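Just below is one structure, and these are the notes that go with it.
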Amino acid sequence: WIITSMLSVALNLSARLGWSRYGLIQFTKWLWGGPTAMKIFAPSGWSKFHDEQKIYCGYFRFVFLIGFVAARAIAFPESFGIEGFKAPVFNLSATILIPALMLAEILEDETVTREWLPVNPAGPGLLKVNTQGNNADPAQLITLEHLPDLDVP
């Protein structure tokens with residue numbers, strides 16, 4: 001599970017920083033040209049909104065899991081060990097995995113919000129695809145980004 005968790009962090013960072021989308025756009029441009037690539041893979045307002053929600057909603061998936069562990073600990077108080085059928089988390093691997101995945105989620109969020117890794121080079125320019133239309137169109141959704149290293153007067 002260690003390699004799988006590390007691969008999950010790498011793929012999630014790639015998606016959250018836009019490198020997966022950038023790679024798909026470049027590959028599709030090579031196959032069928034720029035307009036087709038942009039039609040299929042250009043970010044929309046909804047995809048940008050989804051990217052923002054990954055930061056705020058990633059932790060909710062752990063609520064059920066921690067609740068499940070707590071319910072098992074209450075239901076089987078006589079077996080409060082790490083191993084066994086009635087153990088709250090089933091075994092040692094699962095006991096280590098839950099906090100490890102929570103730490104991985106924190107690492108992903110910190111990497112994205114503190115910009116420890118670069119965002120794809122085409123990111124902001126890709127949003128110009130949706131400049132036509134009126135302001136009531138959901139594709140016109142605007143996201144504001146706070147850049148801590150940028151000194152704005």
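A note on labels: chains of the structure tokens are A, B, ... as shown, every chain counts residues from 1, and ligands are counted from 1 in their shown order.
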Excluding Gly81 in chain A and any residue of its chain fewer than 4 positions from it, enumerate the residues within 12 Å of it, using only C-alpha atoms, and give them as a list in words.
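Near neighbours after the sequence-gap exclusion: Arg72, Ala73, Phe76, Pro77, Phe85, Lys86, Ala87, Pro88, Val89, Phe90, Asn91, Leu92 and Thr95 of chain A.
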File dump, residues just selected, C-alpha atoms, as a compact mmCIF listing (two decimals), in the first residue's frame:
```
# COMPACT_ATOMS: atom_id res chain seq x y z
CA ARG A 72 -16.38 -0.72 16.06
CA ALA A 73 -14.45 0.38 19.16
CA PHE A 76 -16.43 -4.39 20.68
CA PRO A 77 -14.88 -2.79 23.79
CA PHE A 85 -11.70 -9.85 13.83
CA LYS A 86 -13.16 -7.45 16.40
CA ALA A 87 -10.34 -4.90 16.34
CA PRO A 88 -11.59 -1.40 15.47
CA VAL A 89 -9.35 -1.05 12.41
CA PHE A 90 -8.98 -4.78 11.55
CA ASN A 91 -5.17 -4.99 11.39
CA LEU A 92 -1.86 -3.16 11.74
CA THR A 95 -4.14 1.19 11.50
```
Helix (DSSP H, G or I) per DSSP on the backbone: members of range 10-44 of chain A, as number ranges by chain
A: 10-16, 19-32, 34-41
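For the residues A:Phe41, A:Ile2, A:Leu17, A:Leu7, ranking by smallest atom-to-atom distance to Glu115 in chain A using only C-alpha atoms places A:Leu17 first.
Across A:Glu108, A:Pro121, A:Ile55, A:Ser44, the tightest approach to Leu11 in chain A is made by A:Glu108 when counting only C-alpha atoms.
For Ile40 in chain A, the non-local neighbours within 9 Å, defined as residues at least 4 positions apart in the same chain or in other chains and counting only C-alpha atoms, are Ile25, Thr28, Pro35 and Thr36 of chain A.
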Using C-alpha atoms, can you export the residues from the last selection as an mmCIF file, in the first residue's frame?
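This went into again-v6.cif:
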```cif
data_model
loop_
_atom_site.group_PDB
_atom_site.id
_atom_site.type_symbol
_atom_site.label_atom_id
_atom_site.label_comp_id
_atom_site.auth_asym_id
_atom_site.auth_seq_id
_atom_site.Cartn_x
_atom_site.Cartn_y
_atom_site.Cartn_z
ATOM 1 C CA ILE A 25 -3.970 18.903 -24.470
ATOM 2 C CA THR A 28 -4.403 15.807 -28.547
ATOM 3 C CA PRO A 35 -8.939 23.530 -31.784
ATOM 4 C CA THR A 36 -9.926 19.908 -31.157
#
```
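The spacing separating CA of Leu31 in chain A from CA of Asn12 in chain A amounts to 25.5 Å.
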Go through A:Ala104, A:Cys57, A:Ile74, A:Val112 one by one, measure the shortest atom-to-atom distance of each to Ser8 in chain A using only C-alpha atoms, and give the residue with the smallest value.
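Of all the options, A:Ala104 lies closest to Ser8 in chain A.
The spacing separating CA of Ile82 in chain A from CA of Pro99 in chain A amounts to 14.3 Å.
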One decimal, in Å: what's the spacing between CA of Val119 in chain A and CA of Glu52 in chain A?
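Spanning CA of Val119 in chain A to CA of Glu52 in chain A is a straight-line distance of 13.9 Å.
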